[in-house]
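Structure data follow from input-v4.cif (mmCIF, C-alpha atoms):
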```cif
data_target
#
loop_
_atom_site.label_atom_id
_atom_site.label_comp_id
_atom_site.auth_asym_id
_atom_site.auth_seq_id
_atom_site.Cartn_x
_atom_site.Cartn_y
_atom_site.Cartn_z
CA MET A 173 -33.50 3.32 32.80
CA SER A 174 -31.76 3.50 29.45
CA GLY A 175 -33.88 2.81 26.39
CA SER A 176 -31.36 0.18 25.31
CA PHE A 177 -31.88 -1.91 28.45
CA PHE A 178 -33.53 -5.27 27.99
CA TYR A 179 -34.29 -8.04 30.41
CA ILE A 180 -32.92 -11.57 29.98
CA MET A 181 -35.21 -14.11 31.56
CA SER A 182 -33.44 -16.92 33.38
CA ILE A 183 -34.94 -20.25 34.34
CA ASN A 184 -35.44 -18.96 37.88
CA ASP A 185 -37.92 -16.40 36.51
CA TRP A 186 -40.14 -18.94 34.78
CA LYS A 187 -43.51 -19.97 36.17
CA ALA A 188 -43.09 -22.82 38.66
CA ASP A 189 -44.80 -25.34 36.37
CA ASP A 190 -42.37 -24.47 33.57
CA ARG A 191 -39.13 -24.79 35.50
CA PRO A 192 -37.22 -27.89 34.38
CA ARG A 193 -34.99 -27.88 37.47
CA GLU A 194 -37.97 -28.11 39.80
CA LYS A 195 -39.54 -30.73 37.55
CA MET A 196 -36.33 -32.75 37.70
CA SER A 197 -36.13 -32.50 41.50
CA VAL A 198 -39.67 -33.85 41.79
CA SER A 199 -39.82 -36.43 39.02
CA GLY A 200 -36.17 -37.08 38.11
CA ALA A 201 -34.07 -36.19 35.07
CA ALA A 202 -35.70 -38.94 32.99
CA SER A 203 -39.01 -37.04 33.16
CA LEU A 204 -37.57 -34.08 31.22
CA SER A 205 -37.70 -33.72 27.46
CA ASP A 206 -34.52 -33.27 25.44
CA SER A 207 -35.21 -29.55 25.12
CA GLU A 208 -35.81 -29.19 28.86
CA LEU A 209 -32.51 -30.87 29.66
CA LEU A 210 -30.74 -28.54 27.24
CA ALA A 211 -32.55 -25.56 28.71
CA ILE A 212 -31.05 -26.33 32.12
CA LEU A 213 -27.57 -26.17 30.60
CA ILE A 214 -28.35 -23.03 28.59
CA ASN A 215 -29.92 -21.43 31.70
CA SER A 216 -30.99 -18.11 30.16
CA GLY A 217 -32.50 -16.94 26.91
CA THR A 218 -32.76 -13.57 25.18
CA LYS A 219 -35.15 -10.64 25.52
CA ASP A 220 -37.51 -12.39 23.11
CA LYS A 221 -36.93 -16.07 23.84
CA SER A 222 -36.71 -18.26 26.91
CA ALA A 223 -33.91 -20.76 27.47
CA LEU A 224 -36.37 -23.45 26.42
CA ASP A 225 -37.01 -21.67 23.11
CA VAL A 226 -33.26 -21.45 22.52
CA ALA A 227 -32.85 -25.13 23.42
CA ARG A 228 -35.49 -26.05 20.84
CA GLU A 229 -33.60 -24.06 18.22
CA VAL A 230 -30.39 -25.90 19.11
CA LEU A 231 -32.16 -29.23 18.68
CA ALA A 232 -33.71 -28.07 15.39
CA GLU A 233 -30.22 -27.21 14.11
CA ALA A 234 -29.33 -30.88 14.67
CA GLY A 235 -32.52 -32.13 13.02
CA ASN A 236 -33.87 -33.03 16.47
CA SER A 237 -31.30 -35.82 16.60
CA LEU A 238 -29.21 -36.24 19.74
CA ASN A 239 -26.58 -38.10 17.73
CA ARG A 240 -26.22 -35.18 15.31
CA LEU A 241 -26.33 -32.76 18.22
CA THR A 242 -22.98 -34.06 19.49
CA GLY A 243 -21.46 -33.23 16.10
CA LEU A 244 -22.32 -29.51 16.14
CA SER A 245 -19.26 -27.26 16.08
CA LEU A 246 -18.54 -24.25 18.27
CA ASP A 247 -19.17 -21.90 15.33
CA LYS A 248 -22.47 -23.58 14.48
CA LEU A 249 -23.69 -23.34 18.08
CA CYS A 250 -22.61 -19.69 18.36
CA SER A 251 -24.62 -18.88 15.22
CA ILE A 252 -27.84 -19.67 17.11
CA PRO A 253 -29.30 -16.54 18.77
CA GLY A 254 -28.95 -16.85 22.54
CA ILE A 255 -25.89 -19.10 22.40
CA GLY A 256 -22.61 -17.31 22.99
CA THR A 257 -19.13 -18.74 23.34
CA ALA A 258 -19.54 -19.59 27.04
CA LYS A 259 -22.81 -21.47 26.53
CA ALA A 260 -21.52 -23.20 23.41
CA SER A 261 -18.41 -24.33 25.28
CA ARG A 262 -20.55 -25.67 28.12
CA LEU A 263 -22.72 -27.60 25.67
CA LEU A 264 -19.71 -29.01 23.81
CA ALA A 265 -18.21 -30.17 27.11
CA MET A 266 -21.46 -31.94 27.94
CA PHE A 267 -21.60 -33.53 24.47
CA GLU A 268 -18.03 -34.81 24.83
CA LEU A 269 -18.78 -36.31 28.25
CA ALA A 270 -21.81 -38.08 26.77
CA VAL A 271 -19.67 -39.52 23.98
CA ARG A 272 -17.02 -40.70 26.45
CA ILE A 273 -19.63 -42.34 28.65
CA GLN A 274 -21.04 -44.20 25.66
CA SER A 275 -17.61 -45.32 24.49
CA GLU A 276 -16.48 -46.72 27.84
CA PRO A 277 -18.69 -49.77 28.40
CA SER A 278 -17.76 -52.61 30.71
CA VAL A 279 -15.97 -54.33 27.81
CA LEU A 280 -12.95 -52.16 28.62
CA GLN A 281 -12.55 -54.17 31.81
CA GLY A 282 -13.42 -57.44 30.09
CA THR A 283 -12.57 -59.57 27.11
CA VAL A 284 -13.16 -58.62 23.48
CA ARG A 285 -15.10 -61.52 22.03
CA ALA A 286 -16.55 -60.05 18.84
CA SER A 287 -16.42 -57.07 16.52
CA SER A 288 -19.67 -55.83 18.07
CA CYS A 289 -17.78 -55.19 21.33
CA VAL A 290 -15.40 -52.91 19.45
CA GLY A 291 -18.28 -51.23 17.63
CA ARG A 292 -19.93 -50.32 20.92
CA ILE A 293 -16.75 -48.56 22.02
CA PHE A 294 -15.92 -46.64 18.86
CA ILE A 295 -19.17 -45.84 17.05
CA PRO A 296 -20.18 -43.19 19.65
CA MET A 297 -16.69 -41.68 19.40
CA MET A 298 -16.40 -41.64 15.62
CA ARG A 299 -19.80 -41.42 13.97
CA ASN A 300 -19.86 -37.60 13.88
CA LEU A 301 -16.18 -36.92 13.15
CA GLN A 302 -15.51 -34.79 10.08
CA HIS A 303 -11.95 -36.12 9.75
CA GLU A 304 -10.37 -39.56 9.93
CA GLU A 305 -8.77 -40.93 13.07
CA CYS A 306 -6.96 -44.19 13.75
CA TRP A 307 -7.23 -45.91 17.13
CA VAL A 308 -5.79 -49.15 18.42
CA LEU A 309 -6.92 -51.55 21.12
CA TYR A 310 -3.95 -53.33 22.69
CA LEU A 311 -4.82 -56.72 24.19
CA ASN A 312 -3.14 -59.42 26.26
CA ARG A 313 -3.18 -63.16 25.53
CA ALA A 314 -6.68 -63.49 26.97
CA ASN A 315 -7.90 -60.71 24.65
CA ARG A 316 -8.44 -58.39 27.60
CA ILE A 317 -7.88 -54.73 26.78
CA ILE A 318 -4.60 -53.30 28.06
CA SER A 319 -5.23 -49.84 26.64
CA LYS A 320 -7.08 -47.85 23.96
CA GLU A 321 -5.07 -45.19 22.13
CA LYS A 322 -5.38 -42.81 19.19
CA VAL A 323 -2.30 -43.22 17.01
CA SER A 324 -2.99 -40.83 14.12
CA THR A 325 -5.33 -38.18 12.78
CA GLY A 326 -5.91 -37.56 9.10
CA GLY A 327 -7.95 -35.35 6.80
CA LEU A 328 -11.41 -35.65 5.32
CA THR A 329 -10.66 -38.75 3.27
CA HIS A 330 -7.48 -40.37 4.49
CA THR A 331 -5.49 -41.30 7.55
CA VAL A 332 -2.33 -43.33 7.77
CA LEU A 333 -2.04 -46.60 9.67
CA ASP A 334 1.45 -45.87 10.98
CA THR A 335 2.79 -49.41 11.27
CA ARG A 336 5.94 -48.45 13.17
CA ILE A 337 4.10 -46.51 15.85
CA ILE A 338 1.42 -49.17 16.29
CA ILE A 339 3.92 -52.04 16.59
CA LYS A 340 6.27 -50.09 18.88
CA LYS A 341 3.41 -49.29 21.27
CA ALA A 342 2.31 -52.94 21.20
CA VAL A 343 5.83 -54.09 22.11
CA ASP A 344 6.14 -51.46 24.86
CA LYS A 345 2.82 -52.58 26.35
CA LEU A 346 3.70 -56.29 26.04
CA ALA A 347 0.53 -56.72 23.98
CA SER A 348 -0.12 -60.06 22.35
CA ALA A 349 -2.78 -58.77 19.96
CA ILE A 350 -4.12 -55.56 18.48
CA ILE A 351 -7.35 -54.35 16.91
CA VAL A 352 -7.14 -51.31 14.64
CA VAL A 353 -10.10 -48.98 14.18
CA HIS A 354 -10.51 -45.98 11.91
CA ASN A 355 -13.46 -44.05 10.54
CA HIS A 356 -14.79 -42.84 7.21
CA PRO A 357 -16.44 -39.40 7.59
CA SER A 358 -18.45 -40.12 4.43
CA GLY A 359 -20.52 -42.62 6.42
CA ASN A 360 -19.58 -45.48 4.09
CA PRO A 361 -17.62 -48.07 6.12
CA TYR A 362 -16.57 -50.17 3.11
CA PRO A 363 -12.75 -50.39 2.86
CA SER A 364 -10.83 -48.68 0.09
CA GLU A 365 -7.97 -50.35 -1.71
CA MET A 366 -5.61 -48.26 0.44
CA ASP A 367 -7.33 -49.59 3.58
CA ARG A 368 -6.77 -53.15 2.36
CA LYS A 369 -3.13 -52.50 1.47
CA GLN A 370 -2.34 -50.86 4.82
CA THR A 371 -4.04 -53.73 6.66
CA ARG A 372 -1.87 -56.31 4.86
CA ILE A 373 1.30 -54.35 5.67
CA LEU A 374 0.34 -54.01 9.33
CA ARG A 375 -0.60 -57.69 9.64
CA GLU A 376 2.74 -58.81 8.20
CA ALA A 377 4.72 -56.45 10.45
CA ALA A 378 2.78 -57.61 13.51
CA GLN A 379 3.46 -61.26 12.67
CA LEU A 380 7.20 -60.60 12.66
CA MET A 381 6.89 -59.50 16.31
CA ASP A 382 4.57 -62.40 17.22
CA ILE A 383 1.65 -60.00 17.63
CA ALA A 384 -1.74 -60.91 16.20
CA LEU A 385 -3.76 -58.36 14.25
CA LEU A 386 -7.20 -59.62 15.28
CA ASP A 387 -9.25 -57.16 13.29
CA HIS A 388 -9.35 -53.88 11.41
CA ILE A 389 -12.69 -52.15 11.87
CA ILE A 390 -13.89 -49.18 9.83
CA VAL A 391 -16.63 -47.01 11.32
CA GLY A 392 -19.01 -45.15 9.02
CA GLY A 393 -21.85 -43.36 10.77
CA ASP A 394 -23.72 -45.87 12.91
CA LYS A 395 -22.32 -48.83 10.95
CA TYR A 396 -18.98 -50.58 10.83
CA TYR A 397 -17.04 -52.95 8.61
CA SER A 398 -14.97 -55.74 10.16
CA PHE A 399 -12.13 -57.28 8.17
CA SER A 400 -12.27 -60.30 10.47
CA ASP A 401 -16.01 -60.82 10.06
CA GLU A 402 -15.55 -60.66 6.29
CA GLY A 403 -12.77 -63.25 6.37
CA LEU A 404 -10.07 -60.78 5.33
#
```
Translate this structure into structure tokens?
Amino acid sequence: MSGSFFYIMSINDWKADDRPREKMSVSGAASLSDSELLAILINSGTKDKSALDVAREVLAEAGNSLNRLTGLSLDKLCSIPGIGTAKASRLLAMFELAVRIQSEPSVLQGTVRASSCVGRIFIPMMRNLQHEECWVLYLNRANRIISKEKVSTGGLTHTVLDTRIIIKKAVDKLASAIIVVHNHPSGNPYPSEMDRKQTRILREAAQLMDIALLDHIIVGGDKYYSFSDEGL
């Protein structure tokens, strides 16, 4: 054997009591810790660390917060020893699926009755974004969601509510009402003067086409600001 050879221990080589896959098959996925679930996805460690050790380092990088974990970038993950591009890509795919599951509650098949319904859809999607995005919910006369679409992407501090695009899509979809949502990467959901100005312009344009702007919601971290709730 070459002196440079080293052995990478996979989960299959762990002691039976330490194998998260076997534990999951016996007691279910809910019985596993966060690090054990990550270890299953990571699968193998390094010559010095098990997959579970690497998983714990991944969690530590996110401050042991699952919410912050979904915001880790490819470069940040790859900087952790034991996580290469393939593993990082697999983890990012899992994180994105988790976000999409959270942001697709039953409200998408039902009626939007309050700003909290919109918050449940978009907070999981937007709370960890490092740039601004603008999304629109298009609704029928019963306030049932016709579709959910991203209409623009901005920079760190600003995105444009493109009135023409939003209204054109609403007309094409025969929508009777719209709800606009964008995020503030700073975590502060309070509207800027530009946010207020763009909301007024959009509301007036929508009225000309007999379309109601029901709300403009700004997501900041785990919080949101609703123009409608604030009487604006």
* Asked: Do you know which residues are at most 6 Å from stretch 220-229 of chain A counting only C-alpha atoms, after dropping those on the same chain fewer than 5 positions away, and could you put them as a ChimeraX atom specification?
  -> /A:207,210-211,215
Excluding stretch 294-301 of chain A and any residue of its chain fewer than 6 positions from it, enumerate the residues within 12 Å of it, using only C-alpha atoms, and give them as a tab-separated table (two decimals) with C-alpha atoms, in the frame of the given file.
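Output contents, as saved in selection_25.tsv:
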```
chain	number	residue	atom	x	y	z
A	234	ALA	CA	-29.33	-30.88	14.67
A	237	SER	CA	-31.30	-35.82	16.60
A	238	LEU	CA	-29.21	-36.24	19.74
A	239	ASN	CA	-26.58	-38.10	17.73
A	240	ARG	CA	-26.22	-35.18	15.31
A	241	LEU	CA	-26.33	-32.76	18.22
A	242	THR	CA	-22.98	-34.06	19.49
A	243	GLY	CA	-21.46	-33.23	16.10
A	244	LEU	CA	-22.32	-29.51	16.14
A	245	SER	CA	-19.26	-27.26	16.08
A	267	PHE	CA	-21.60	-33.53	24.47
A	268	GLU	CA	-18.03	-34.81	24.83
A	269	LEU	CA	-18.78	-36.31	28.25
A	270	ALA	CA	-21.81	-38.08	26.77
A	271	VAL	CA	-19.67	-39.52	23.98
A	272	ARG	CA	-17.02	-40.70	26.45
A	273	ILE	CA	-19.63	-42.34	28.65
A	274	GLN	CA	-21.04	-44.20	25.66
A	275	SER	CA	-17.61	-45.32	24.49
A	276	GLU	CA	-16.48	-46.72	27.84
A	277	PRO	CA	-18.69	-49.77	28.40
A	279	VAL	CA	-15.97	-54.33	27.81
A	280	LEU	CA	-12.95	-52.16	28.62
A	287	SER	CA	-16.42	-57.07	16.52
A	288	SER	CA	-19.67	-55.83	18.07
A	307	TRP	CA	-7.23	-45.91	17.13
A	308	VAL	CA	-5.79	-49.15	18.42
A	309	LEU	CA	-6.92	-51.55	21.12
A	320	LYS	CA	-7.08	-47.85	23.96
A	321	GLU	CA	-5.07	-45.19	22.13
A	322	LYS	CA	-5.38	-42.81	19.19
A	325	THR	CA	-5.33	-38.18	12.78
A	326	GLY	CA	-5.91	-37.56	9.10
A	327	GLY	CA	-7.95	-35.35	6.80
A	328	LEU	CA	-11.41	-35.65	5.32
A	329	THR	CA	-10.66	-38.75	3.27
A	351	ILE	CA	-7.35	-54.35	16.91
A	352	VAL	CA	-7.14	-51.31	14.64
A	353	VAL	CA	-10.10	-48.98	14.18
A	354	HIS	CA	-10.51	-45.98	11.91
A	355	ASN	CA	-13.46	-44.05	10.54
A	356	HIS	CA	-14.79	-42.84	7.21
A	357	PRO	CA	-16.44	-39.40	7.59
A	358	SER	CA	-18.45	-40.12	4.43
A	359	GLY	CA	-20.52	-42.62	6.42
A	360	ASN	CA	-19.58	-45.48	4.09
A	361	PRO	CA	-17.62	-48.07	6.12
A	389	ILE	CA	-12.69	-52.15	11.87
A	390	ILE	CA	-13.89	-49.18	9.83
A	391	VAL	CA	-16.63	-47.01	11.32
A	392	GLY	CA	-19.01	-45.15	9.02
A	393	GLY	CA	-21.85	-43.36	10.77
A	394	ASP	CA	-23.72	-45.87	12.91
A	395	LYS	CA	-22.32	-48.83	10.95
A	396	TYR	CA	-18.98	-50.58	10.83
A	397	TYR	CA	-17.04	-52.95	8.61
```
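With distances restricted to only C-alpha atoms, A:Lys259 is the closest residue to A:Leu246 from A:Lys219, A:Arg313, A:His388, A:Lys259.
The closest residue to A:Glu376, picked from A:Leu204, A:Ala232, A:Ala260, A:Ile339 and counting all atoms listed in the file, is A:Ile339.
Within 7 Å of stretch 332-335 of chain A, once all atoms listed in the file are used and residues closer than 2 positions along the same chain are dropped, the contacting residues are Cys306, Ser324, Gly326, His330, Ile337, Ile338, Ile339, Gln370 and Leu374 of chain A.
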Missing atoms in stretch 207-218 of chain A need filling: write out all heavy atoms for it as a tab-separated table (two decimals), keeping the file's coordinate frame.
```tsv
chain	number	residue	atom	x	y	z
A	207	SER	N	-35.33	-31.01	25.10
A	207	SER	CA	-35.21	-29.55	25.12
A	207	SER	C	-35.16	-29.01	26.54
A	207	SER	O	-34.45	-28.04	26.81
A	207	SER	CB	-36.36	-28.91	24.35
A	207	SER	OG	-37.61	-29.34	24.85
A	208	GLU	N	-35.86	-29.63	27.47
A	208	GLU	CA	-35.81	-29.19	28.86
A	208	GLU	C	-34.45	-29.44	29.48
A	208	GLU	O	-33.93	-28.62	30.25
A	208	GLU	CB	-36.91	-29.88	29.68
A	208	GLU	CG	-38.31	-29.36	29.37
A	208	GLU	CD	-39.39	-30.17	30.05
A	208	GLU	OE1	-39.21	-31.40	30.20
A	208	GLU	OE2	-40.43	-29.59	30.42
A	209	LEU	N	-33.85	-30.58	29.16
A	209	LEU	CA	-32.51	-30.87	29.66
A	209	LEU	C	-31.50	-29.86	29.12
A	209	LEU	O	-30.64	-29.35	29.84
A	209	LEU	CB	-32.10	-32.29	29.26
A	209	LEU	CG	-32.84	-33.43	29.97
A	209	LEU	CD1	-32.53	-34.76	29.31
A	209	LEU	CD2	-32.45	-33.49	31.45
A	210	LEU	N	-31.63	-29.54	27.82
A	210	LEU	CA	-30.74	-28.54	27.24
A	210	LEU	C	-30.97	-27.16	27.85
A	210	LEU	O	-30.02	-26.40	28.07
A	210	LEU	CB	-30.96	-28.47	25.72
A	210	LEU	CG	-30.19	-29.46	24.85
A	210	LEU	CD1	-30.61	-29.31	23.40
A	210	LEU	CD2	-28.69	-29.26	24.99
A	211	ALA	N	-32.22	-26.85	28.13
A	211	ALA	CA	-32.55	-25.56	28.71
A	211	ALA	C	-31.86	-25.36	30.06
A	211	ALA	O	-31.45	-24.25	30.41
A	211	ALA	CB	-34.06	-25.41	28.86
A	212	ILE	N	-31.74	-26.43	30.83
A	212	ILE	CA	-31.05	-26.33	32.12
A	212	ILE	C	-29.59	-25.94	31.90
A	212	ILE	O	-29.04	-25.09	32.63
A	212	ILE	CB	-31.15	-27.66	32.89
A	212	ILE	CG1	-32.58	-27.88	33.37
A	212	ILE	CG2	-30.19	-27.68	34.08
A	212	ILE	CD1	-32.80	-29.22	34.07
A	213	LEU	N	-28.96	-26.50	30.89
A	213	LEU	CA	-27.57	-26.17	30.60
A	213	LEU	C	-27.44	-24.76	30.03
A	213	LEU	O	-26.49	-24.04	30.34
A	213	LEU	CB	-26.98	-27.19	29.61
A	213	LEU	CG	-26.80	-28.61	30.14
A	213	LEU	CD1	-26.50	-29.55	28.99
A	213	LEU	CD2	-25.68	-28.67	31.16
A	214	ILE	N	-28.39	-24.36	29.21
A	214	ILE	CA	-28.35	-23.03	28.59
A	214	ILE	C	-28.65	-21.95	29.62
A	214	ILE	O	-28.08	-20.87	29.61
A	214	ILE	CB	-29.33	-22.98	27.41
A	214	ILE	CG1	-28.82	-23.90	26.28
A	214	ILE	CG2	-29.50	-21.56	26.90
A	214	ILE	CD1	-29.82	-24.11	25.16
A	215	ASN	N	-29.61	-22.24	30.52
A	215	ASN	CA	-29.92	-21.43	31.70
A	215	ASN	C	-30.70	-20.14	31.42
A	215	ASN	O	-31.65	-19.83	32.12
A	215	ASN	CB	-28.66	-21.08	32.50
A	215	ASN	CG	-29.00	-20.42	33.84
A	215	ASN	OD1	-29.80	-20.97	34.60
A	215	ASN	ND2	-28.43	-19.27	34.10
A	216	SER	N	-30.30	-19.36	30.43
A	216	SER	CA	-30.99	-18.11	30.16
A	216	SER	C	-31.18	-17.93	28.67
A	216	SER	O	-30.42	-18.45	27.85
A	216	SER	CB	-30.22	-16.92	30.73
A	216	SER	OG	-28.94	-16.82	30.13
A	217	GLY	N	-32.22	-17.19	28.32
A	217	GLY	CA	-32.50	-16.94	26.91
A	217	GLY	C	-32.13	-15.54	26.50
A	217	GLY	O	-31.14	-14.98	26.95
A	218	THR	N	-32.96	-14.94	25.65
A	218	THR	CA	-32.76	-13.57	25.18
A	218	THR	C	-33.97	-12.75	25.60
A	218	THR	O	-34.87	-13.23	26.27
A	218	THR	CB	-32.61	-13.54	23.65
A	218	THR	OG1	-33.87	-13.90	23.05
A	218	THR	CG2	-31.55	-14.53	23.18
```
